[in-house]
>>> print(open('data_7.pdb').read())   # PDB, C-alpha atoms, pLDDT in the B column
ATOM      1  CA  GLY A   1     122.271  78.676 196.220  1.00 80.00           C
ATOM      2  CA  ASP A   2     121.332  78.654 192.570  1.00 90.00           C
ATOM      3  CA  GLY A   3     118.791  76.361 190.973  1.00 93.00           C
ATOM      4  CA  ILE A   4     120.999  75.227 188.076  1.00 95.00           C
ATOM      5  CA  ASP A   5     124.689  76.212 187.952  1.00 94.00           C
ATOM      6  CA  ILE A   6     126.501  75.719 184.624  1.00 96.00           C
ATOM      7  CA  ALA A   7     130.172  76.466 185.284  1.00 94.00           C
ATOM      8  CA  GLY A   8     132.698  76.146 182.460  1.00 96.00           C
ATOM      9  CA  ALA A   9     130.688  73.528 180.561  1.00 97.00           C
ATOM     10  CA  ASN A  10     129.783  73.895 176.888  1.00 98.00           C
ATOM     11  CA  GLU A  11     126.714  72.804 174.904  1.00 97.00           C
ATOM     12  CA  VAL A  12     124.582  72.139 177.963  1.00 98.00           C
ATOM     13  CA  LYS A  13     120.837  71.904 177.289  1.00 97.00           C
ATOM     14  CA  VAL A  14     118.316  72.800 179.981  1.00 97.00           C
ATOM     15  CA  GLY A  15     114.673  72.156 179.106  1.00 94.00           C
ATOM     16  CA  GLN A  16     112.740  71.562 175.912  1.00 90.00           C
ATOM     17  CA  PRO A  17     109.111  72.097 174.865  1.00 86.00           C
ATOM     18  CA  LEU A  18     106.700  70.217 177.168  1.00 81.00           C
ATOM     19  CA  MET A  19     109.686  69.026 179.238  1.00 86.00           C
ATOM     20  CA  GLY A  20     110.977  72.207 180.865  1.00 89.00           C
ATOM     21  CA  ASN A  21     112.013  72.735 184.463  1.00 93.00           C
ATOM     22  CA  VAL A  22     110.226  74.658 187.217  1.00 92.00           C
ATOM     23  CA  ILE A  23     112.867  76.707 189.066  1.00 94.00           C
ATOM     24  CA  HIS A  24     111.987  79.037 191.918  1.00 92.00           C
ATOM     25  CA  SER A  25     112.827  80.250 195.442  1.00 90.00           C
ATOM     26  CA  CYS A  26     116.607  80.018 194.963  1.00 91.00           C
ATOM     27  CA  GLY A  27     118.771  82.086 197.283  1.00 84.00           C
ATOM     28  CA  GLU A  28     120.637  82.249 200.559  1.00 70.00           C
ATOM     29  CA  GLU A  29     119.298  83.163 203.976  1.00 60.00           C
ATOM     30  CA  ARG A  30     122.572  85.033 204.431  1.00 57.00           C
ATOM     31  CA  ASP A  31     124.361  86.888 201.630  1.00 56.00           C
ATOM     32  CA  PHE A  32     127.798  87.229 203.299  1.00 55.00           C
ATOM     33  CA  TYR A  33     129.920  84.563 205.046  1.00 54.00           C
ATOM     34  CA  GLU A  34     133.033  85.743 206.861  1.00 63.00           C
ATOM     35  CA  ASN A  35     135.100  82.562 206.355  1.00 63.00           C
ATOM     36  CA  SER A  36     134.349  82.009 202.669  1.00 55.00           C
ATOM     37  CA  ASN A  37     136.332  83.230 199.674  1.00 55.00           C
ATOM     38  CA  PRO A  38     134.838  85.449 198.432  1.00 55.00           C
ATOM     39  CA  GLU A  39     132.764  86.452 201.440  1.00 54.00           C
ATOM     40  CA  GLY A  40     129.829  87.334 199.196  1.00 49.00           C
ATOM     41  CA  PRO A  41     127.370  88.448 198.243  1.00 57.00           C
ATOM     42  CA  TRP A  42     125.840  85.013 197.676  1.00 60.00           C
ATOM     43  CA  GLU A  43     122.508  85.690 196.018  1.00 75.00           C
ATOM     44  CA  GLY A  44     120.663  82.879 194.308  1.00 87.00           C
ATOM     45  CA  SER A  45     119.459  82.814 190.708  1.00 93.00           C
ATOM     46  CA  GLY A  46     117.288  80.343 188.869  1.00 95.00           C
ATOM     47  CA  ILE A  47     119.905  79.452 186.233  1.00 96.00           C
ATOM     48  CA  VAL A  48     123.535  80.632 186.208  1.00 95.00           C
ATOM     49  CA  ILE A  49     125.856  80.269 183.200  1.00 96.00           C
ATOM     50  CA  ARG A  50     129.418  81.184 184.199  1.00 94.00           C
ATOM     51  CA  ASN A  51     133.173  80.583 183.965  1.00 94.00           C
ATOM     52  CA  GLY A  52     133.241  80.528 180.175  1.00 96.00           C
ATOM     53  CA  ALA A  53     130.296  78.180 179.677  1.00 97.00           C
ATOM     54  CA  SER A  54     129.276  78.632 176.044  1.00 98.00           C
ATOM     55  CA  TYR A  55     126.914  77.322 173.355  1.00 98.00           C
ATOM     56  CA  CYS A  56     124.345  76.306 175.973  1.00 98.00           C
ATOM     57  CA  ILE A  57     120.614  76.241 175.190  1.00 97.00           C
ATOM     58  CA  ILE A  58     118.061  77.178 177.851  1.00 97.00           C
ATOM     59  CA  LYS A  59     114.459  76.736 176.734  1.00 94.00           C
ATOM     60  CA  SER A  60     110.889  76.068 177.884  1.00 90.00           C
ATOM     61  CA  ASN A  61     111.438  76.607 181.606  1.00 92.00           C
ATOM     62  CA  PHE A  62     109.271  78.293 184.255  1.00 91.00           C
ATOM     63  CA  ILE A  63     111.535  80.489 186.378  1.00 94.00           C
ATOM     64  CA  GLY A  64     110.215  82.307 189.436  1.00 91.00           C
ATOM     65  CA  SER A  65     106.749  80.805 189.436  1.00 84.00           C
ATOM     66  CA  SER A  66     105.098  77.515 188.609  1.00 76.00           C
ATOM     67  CA  PRO A  67     102.994  76.349 185.639  1.00 72.00           C
ATOM     68  CA  VAL A  68      99.659  77.224 187.189  1.00 60.00           C
ATOM     69  CA  ASN A  69      96.943  79.721 186.323  1.00 57.00           C
ATOM     70  CA  LEU A  70      98.844  83.014 186.224  1.00 54.00           C
ATOM     71  CA  SER A  71      95.659  84.974 186.876  1.00 58.00           C
ATOM     72  CA  ASN A  72      96.166  83.699 190.444  1.00 64.00           C
ATOM     73  CA  PRO A  73      99.902  82.968 190.422  1.00 66.00           C
ATOM     74  CA  LEU A  74     102.292  81.477 192.925  1.00 76.00           C
ATOM     75  CA  VAL A  75     104.857  84.228 193.516  1.00 83.00           C
ATOM     76  CA  LEU A  76     108.096  82.312 194.091  1.00 88.00           C
ATOM     77  CA  PRO A  77     110.941  84.572 192.977  1.00 90.00           C
ATOM     78  CA  ASN A  78     114.609  83.747 192.893  1.00 92.00           C
ATOM     79  CA  GLU A  79     116.673  86.119 195.019  1.00 91.00           C
ATOM     80  CA  PHE A  80     118.862  87.780 192.335  1.00 91.00           C
ATOM     81  CA  CYS A  81     117.990  86.896 188.746  1.00 93.00           C
ATOM     82  CA  GLY A  82     115.904  84.479 186.781  1.00 95.00           C
ATOM     83  CA  ILE A  83     118.821  83.773 184.416  1.00 96.00           C
ATOM     84  CA  TYR A  84     122.345  85.113 185.032  1.00 95.00           C
ATOM     85  CA  ILE A  85     125.081  84.860 182.365  1.00 96.00           C
ATOM     86  CA  THR A  86     128.530  85.973 183.507  1.00 94.00           C
ATOM     87  CA  GLY A  87     132.274  85.392 183.288  1.00 94.00           C
ATOM     88  CA  ASN A  88     133.007  85.307 179.545  1.00 96.00           C
ATOM     89  CA  SER A  89     130.186  82.873 178.821  1.00 97.00           C
ATOM     90  CA  ASN A  90     129.482  83.466 175.155  1.00 98.00           C
ATOM     91  CA  SER A  91     127.113  82.415 172.373  1.00 98.00           C
ATOM     92  CA  ASN A  92     124.425  80.895 174.563  1.00 98.00           C
ATOM     93  CA  ILE A  93     120.817  80.722 173.399  1.00 96.00           C
ATOM     94  CA  ILE A  94     118.108  81.598 175.888  1.00 96.00           C
ATOM     95  CA  GLY A  95     114.784  80.558 174.369  1.00 92.00           C
ATOM     96  CA  GLY A  96     114.071  79.855 170.719  1.00 85.00           C
ATOM     97  CA  ILE A  97     112.013  80.705 167.665  1.00 74.00           C
ATOM     98  CA  ILE A  98     108.779  79.140 168.969  1.00 67.00           C
ATOM     99  CA  ARG A  99     107.519  81.844 171.315  1.00 67.00           C
ATOM    100  CA  SER A 100     106.187  81.383 174.837  1.00 65.00           C
ATOM    101  CA  SER A 101     103.493  83.701 176.149  1.00 62.00           C
ATOM    102  CA  VAL A 102     101.429  84.284 179.246  1.00 60.00           C
ATOM    103  CA  ILE A 103      98.094  86.092 179.286  1.00 49.00           C
ATOM    104  CA  GLY A 104      95.643  85.615 182.131  1.00 48.00           C
ATOM    105  CA  SER A 105      95.034  81.899 182.506  1.00 43.00           C
ATOM    106  CA  LEU A 106      96.565  81.091 179.098  1.00 45.00           C
ATOM    107  CA  ARG A 107     100.103  79.690 178.990  1.00 55.00           C
ATOM    108  CA  GLU A 108     101.692  78.848 175.675  1.00 59.00           C
ATOM    109  CA  LEU A 109     105.060  77.266 176.417  1.00 65.00           C
ATOM    110  CA  GLY A 110     107.113  76.973 173.255  1.00 78.00           C
ATOM    111  CA  GLU A 111     110.903  77.286 173.261  1.00 86.00           C
ATOM    112  CA  GLY A 112     110.945  80.528 175.206  1.00 88.00           C
ATOM    113  CA  ASN A 113     111.238  80.663 178.967  1.00 90.00           C
ATOM    114  CA  ILE A 114     108.505  82.116 181.165  1.00 89.00           C
ATOM    115  CA  ILE A 115     110.327  84.266 183.724  1.00 92.00           C
ATOM    116  CA  ALA A 116     108.155  85.823 186.401  1.00 89.00           C
ATOM    117  CA  PHE A 117     108.514  87.747 189.676  1.00 90.00           C
ATOM    118  CA  ASN A 118     112.336  87.737 189.865  1.00 93.00           C
ATOM    119  CA  PRO A 119     113.967  91.104 190.779  1.00 92.00           C
ATOM    120  CA  THR A 120     115.756  90.977 187.411  1.00 94.00           C
ATOM    121  CA  ALA A 121     114.633  88.511 184.767  1.00 95.00           C
ATOM    122  CA  ILE A 122     117.850  88.144 182.713  1.00 96.00           C
ATOM    123  CA  ARG A 123     121.289  89.632 183.403  1.00 95.00           C
ATOM    124  CA  VAL A 124     124.182  89.305 180.934  1.00 97.00           C
ATOM    125  CA  GLU A 125     127.501  90.434 182.395  1.00 95.00           C
ATOM    126  CA  GLY A 126     130.954  90.283 180.820  1.00 95.00           C
ATOM    127  CA  SER A 127     129.751  87.852 178.133  1.00 97.00           C
ATOM    128  CA  LEU A 128     129.045  88.248 174.408  1.00 97.00           C
ATOM    129  CA  ASN A 129     126.735  87.076 171.626  1.00 96.00           C
ATOM    130  CA  ASN A 130     124.062  85.621 173.874  1.00 97.00           C
ATOM    131  CA  SER A 131     120.652  85.382 172.187  1.00 94.00           C
ATOM    132  CA  LEU A 132     117.486  86.087 174.198  1.00 93.00           C
ATOM    133  CA  LEU A 133     114.522  84.825 172.209  1.00 89.00           C
ATOM    134  CA  GLY A 134     110.829  84.072 172.469  1.00 85.00           C
ATOM    135  CA  TYR A 135     110.525  84.677 176.191  1.00 87.00           C
ATOM    136  CA  SER A 136     107.708  85.932 178.370  1.00 85.00           C
ATOM    137  CA  ILE A 137     108.883  88.211 181.186  1.00 88.00           C
ATOM    138  CA  VAL A 138     106.415  89.499 183.759  1.00 86.00           C
ATOM    139  CA  CYS A 139     106.517  91.313 187.096  1.00 87.00           C
ATOM    140  CA  SER A 140     110.253  92.038 187.428  1.00 90.00           C
ATOM    141  CA  PRO A 141     110.339  94.889 189.972  1.00 89.00           C
ATOM    142  CA  GLU A 142     113.907  95.989 189.169  1.00 89.00           C
ATOM    143  CA  ASN A 143     114.663  95.146 185.514  1.00 90.00           C
ATOM    144  CA  ALA A 144     113.546  92.859 182.730  1.00 92.00           C
ATOM    145  CA  ILE A 145     116.935  92.568 180.964  1.00 94.00           C
ATOM    146  CA  VAL A 146     120.261  93.998 182.154  1.00 95.00           C
ATOM    147  CA  LEU A 147     123.449  94.148 180.066  1.00 96.00           C
ATOM    148  CA  ALA A 148     126.343  94.978 182.416  1.00 94.00           C
ATOM    149  CA  ASN A 149     130.140  95.208 182.233  1.00 94.00           C
ATOM    150  CA  GLY A 150     130.203  94.743 178.472  1.00 96.00           C
ATOM    151  CA  GLY A 151     127.502  92.084 178.401  1.00 96.00           C
ATOM    152  CA  ASN A 152     126.392  91.593 174.776  1.00 97.00           C
ATOM    153  CA  ASN A 153     128.500  94.700 174.076  1.00 95.00           C
ATOM    154  CA  GLN A 154     125.875  96.594 176.100  1.00 94.00           C
ATOM    155  CA  LYS A 155     123.888  96.893 172.914  1.00 93.00           C
ATOM    156  CA  SER A 156     121.478  99.816 172.912  1.00 92.00           C
ATOM    157  CA  ALA A 157     117.806  99.004 173.239  1.00 91.00           C
ATOM    158  CA  PRO A 158     115.673  99.703 170.153  1.00 95.00           C
ATOM    159  CA  SER A 159     113.339 102.685 170.137  1.00 96.00           C
ATOM    160  CA  ILE A 160     109.653 102.963 169.265  1.00 96.00           C
ATOM    161  CA  ILE A 161     108.779 106.037 167.199  1.00 97.00           C
ATOM    162  CA  THR A 162     105.242 105.263 166.070  1.00 96.00           C
ATOM    163  CA  ALA A 163     102.533 103.041 167.545  1.00 95.00           C
ATOM    164  CA  THR A 164      99.048 102.841 166.010  1.00 95.00           C
ATOM    165  CA  ASN A 165      96.345 100.205 165.665  1.00 92.00           C
ATOM    166  CA  GLU A 166      97.887  99.253 162.305  1.00 95.00           C
ATOM    167  CA  GLU A 167     101.635  99.243 162.920  1.00 96.00           C
ATOM    168  CA  ILE A 168     104.485  99.781 165.348  1.00 96.00           C
ATOM    169  CA  SER A 169     107.770 101.180 164.059  1.00 98.00           C
ATOM    170  CA  GLY A 170     111.054 102.509 165.334  1.00 98.00           C
ATOM    171  CA  ARG A 171     114.824 102.410 165.055  1.00 98.00           C
ATOM    172  CA  GLY A 172     117.487  99.906 166.073  1.00 97.00           C
ATOM    173  CA  ILE A 173     120.742  98.253 165.038  1.00 95.00           C
ATOM    174  CA  PRO A 174     120.661  96.814 161.487  1.00 97.00           C
ATOM    175  CA  THR A 175     119.952  93.048 161.242  1.00 95.00           C
ATOM    176  CA  ASP A 176     118.727  92.874 164.870  1.00 94.00           C
ATOM    177  CA  GLN A 177     115.445  91.069 165.518  1.00 91.00           C
ATOM    178  CA  ILE A 178     112.910  93.184 167.421  1.00 93.00           C
ATOM    179  CA  GLU A 179     110.336  91.211 169.425  1.00 91.00           C
ATOM    180  CA  ILE A 180     106.964  92.861 170.041  1.00 90.00           C
ATOM    181  CA  PHE A 181     104.892  92.231 173.179  1.00 87.00           C
ATOM    182  CA  LEU A 182     101.441  93.070 174.461  1.00 81.00           C
ATOM    183  CA  ASN A 183     100.877  93.642 178.182  1.00 79.00           C
ATOM    184  CA  THR A 184      97.378  93.224 179.573  1.00 68.00           C
ATOM    185  CA  SER A 185      97.785  91.595 182.975  1.00 63.00           C
ATOM    186  CA  ARG A 186      97.189  93.277 186.308  1.00 66.00           C
ATOM    187  CA  ILE A 187      98.841  90.573 188.381  1.00 68.00           C
ATOM    188  CA  CYS A 188     102.051  92.473 189.079  1.00 74.00           C
ATOM    189  CA  GLU A 189     100.834  94.780 191.871  1.00 70.00           C
ATOM    190  CA  GLY A 190     102.739  97.840 190.723  1.00 69.00           C
ATOM    191  CA  SER A 191     105.634  96.109 188.943  1.00 68.00           C
ATOM    192  CA  ALA A 192     105.875  96.339 185.176  1.00 69.00           C
ATOM    193  CA  CYS A 193     104.626  93.331 183.215  1.00 75.00           C
ATOM    194  CA  GLN A 194     107.333  94.110 180.609  1.00 84.00           C
ATOM    195  CA  ALA A 195     107.049  91.362 177.992  1.00 83.00           C
ATOM    196  CA  GLN A 196     103.941  89.374 178.691  1.00 79.00           C
ATOM    197  CA  LEU A 197     102.358  88.275 175.418  1.00 78.00           C
ATOM    198  CA  SER A 198     104.581  87.905 172.356  1.00 81.00           C
ATOM    199  CA  ILE A 199     102.747  88.988 169.196  1.00 85.00           C
ATOM    200  CA  GLY A 200     105.559  88.864 166.648  1.00 87.00           C
ATOM    201  CA  LYS A 201     108.899  90.264 165.543  1.00 91.00           C
ATOM    202  CA  ALA A 202     110.508  92.541 162.984  1.00 95.00           C
ATOM    203  CA  GLU A 203     114.008  92.846 161.539  1.00 96.00           C
ATOM    204  CA  VAL A 204     115.911  96.117 161.627  1.00 97.00           C
ATOM    205  CA  GLN A 205     116.706  97.221 158.085  1.00 98.00           C
ATOM    206  CA  ALA A 206     119.992  98.611 156.747  1.00 98.00           C
ATOM    207  CA  ASP A 207     118.749 102.186 157.325  1.00 98.00           C
ATOM    208  CA  SER A 208     118.229 101.330 161.047  1.00 98.00           C
ATOM    209  CA  THR A 209     114.419 101.366 160.806  1.00 98.00           C
ATOM    210  CA  TRP A 210     112.012  98.571 161.679  1.00 98.00           C
ATOM    211  CA  LYS A 211     108.265  98.117 161.267  1.00 97.00           C
ATOM    212  CA  PHE A 212     105.752  95.605 162.576  1.00 96.00           C
ATOM    213  CA  GLU A 213     102.342  95.468 160.928  1.00 95.00           C
ATOM    214  CA  ILE A 214      99.459  94.496 163.198  1.00 90.00           C
ATOM    215  CA  THR A 215      97.092  92.014 161.605  1.00 83.00           C
TER     216      THR A 215
END
>>> encode(input="data_7.pdb", output="structure tokens")
Amino acid sequence: GDGIDIAGANEVKVGQPLMGNVIHSCGEERDFYENSNPEGPWEGSGIVIRNGASYCIIKSNFIGSSPVNLSNPLVLPNEFCGIYITGNSNSNIIGGIIRSSVIGSLRELGEGNIIAFNPTAIRVEGSLNNSLLGYSIVCSPENAIVLANGGNNQKSAPSIITATNEEISGRGIPTDQIEIFLNTSRICEGSACQAQLSIGKAEVQADSTWKFEIT
């Protein structure tokens, strides 16, 4: 089953800085059961927000690993997703403005969630206006973030046009916040580290451009 299942409930809070949850190894030995309705697939996720659950806040959790030295991590993935938002579950906040980062043995757990080793870190499906903020995502062999079946209006990912030692710039949707990450770890054994160390953010301007100056 799932680690935490929020079904049809509003304004649920899961975790806070220095008091987050450790959620891993969720799933089913079997994915299909002939006498159940539906028969499946039953694939476990760390946290599920579903059936119209809205205005929930998920912050400061370890999902798919444990709060140990990530230079020698415990690989304890959830079967399907780290966080799964589905079924018209709108306006939830995943993370927060105080960033969480992982680099080597350093773990800075702010309001963001550290999501590691899950096949997909975050999946938003059939749900709108969900904010994904301040996270650290590492070693997701399939996808870091998936927007499916109209999830978050399947908003296009921003592009990077220029990257130098002084600045990173690109294009996106006006007023969007672009979060910038540095990847240095080699713990993923062939999987992308994706969004390991958060170094800052930039806002997309009215002309659809954004720029982050490296200091």
>>> closest_atom_pairs(input="data_7.pdb", of="region 110-147 of chain A", to="region 80-93 of chain A", cutoff="7 Å", atoms="only C-alpha atoms", output="CSV")
residue,atom,partner,partner_atom,distance
A:Ile115,CA,A:Gly82,CA,6.4
A:Asn118,CA,A:Gly82,CA,5.7
A:Pro119,CA,A:Phe80,CA,6.1
A:Thr120,CA,A:Cys81,CA,4.8
A:Ala121,CA,A:Gly82,CA,4.7
A:Ile122,CA,A:Ile83,CA,4.8
A:Arg123,CA,A:Tyr84,CA,4.9
A:Val124,CA,A:Ile85,CA,4.8
A:Glu125,CA,A:Thr86,CA,4.7
A:Gly126,CA,A:Asn88,CA,5.5
A:Ser127,CA,A:Asn88,CA,4.4
A:Leu128,CA,A:Asn90,CA,4.9
A:Asn129,CA,A:Ser91,CA,4.7
A:Asn130,CA,A:Ser91,CA,4.7
A:Ser131,CA,A:Ile93,CA,4.8
A:Leu132,CA,A:Ile93,CA,6.4
>>> closest_atom_pairs(input="data_7.pdb", of="region 111-207 of chain A", to="region 54-63 of chain A", cutoff="7 Å", atoms="only C-alpha atoms", output="CSV")
residue,atom,partner,partner_atom,distance
A:Glu111,CA,A:Ser60,CA,4.8
A:Gly112,CA,A:Ser60,CA,5.2
A:Asn113,CA,A:Ser60,CA,4.7
A:Ile114,CA,A:Phe62,CA,5.0
A:Ile115,CA,A:Ile63,CA,4.8
A:Ala116,CA,A:Ile63,CA,6.3
>>> resolve_selection(input="data_7.pdb", expression="the PyMOL selection byres ((chain A and resi 202) around 10)", output="PyMOL selection string")
chain A and resi 168-169+175-180+200-201+203-205+209-213
>>> atom_distance(input="data_7.pdb", atom1="CA of Gln16 (chain A)", atom2="CA of Cys188 (chain A)")
26.9 Å
>>> closest_residue(input="data_7.pdb", among="A:Asn10, A:Ser140, A:Ser198, A:Ser66", to="Asn51 (chain A)", atoms="only C-alpha atoms")
A:Asn10
>>> resolve_selection(input="data_7.pdb", expression="the PyMOL selection byres ((chain A and resi 135) around 7)", output="list of chain:residue names")
A:Gly95, A:Arg99, A:Ser100, A:Gly112, A:Asn113, A:Ile114, A:Leu133, A:Gly134, A:Ser136, A:Ile137
>>> resolve_selection(input="data_7.pdb", expression="the PyMOL selection byres ((chain A and resi 4) around 8)", output="list of chain:residue names")
A:Asp2, A:Gly3, A:Asp5, A:Ile6, A:Gly46, A:Ile47, A:Val48
>>> residues_near_point(input="data_7.pdb", point="(105.7, 87.3, 196.2)", cutoff="12 Å", atoms="all atoms listed in the file", output="MDAnalysis selection string")
chainID A and resid 24:25 64:65 72:79 116:119 139:141 187:189 191
>>> atom_distance(input="data_7.pdb", atom1="CA of Gly172 (chain A)", atom2="CA of Asn153 (chain A)")
14.6 Å
>>> atom_distance(input="data_7.pdb", atom1="CA of Val138 (chain A)", atom2="CA of Gln154 (chain A)")
22.1 Å
>>> closest_residue(input="data_7.pdb", among="A:Cys26, A:Phe181, A:Gly110, A:Gln194", to="Asn143 (chain A)", atoms="only C-alpha atoms")
A:Gln194
>>> axis_aligned_box(input="data_7.pdb", around="region 5-16 of chain A", padding_each_side="5 Å", output="AutoDock Vina command-line options")
--center_x 122.7 --center_y 74.0 --center_z 181.4 --size_x 30.0 --size_y 14.9 --size_z 23.0
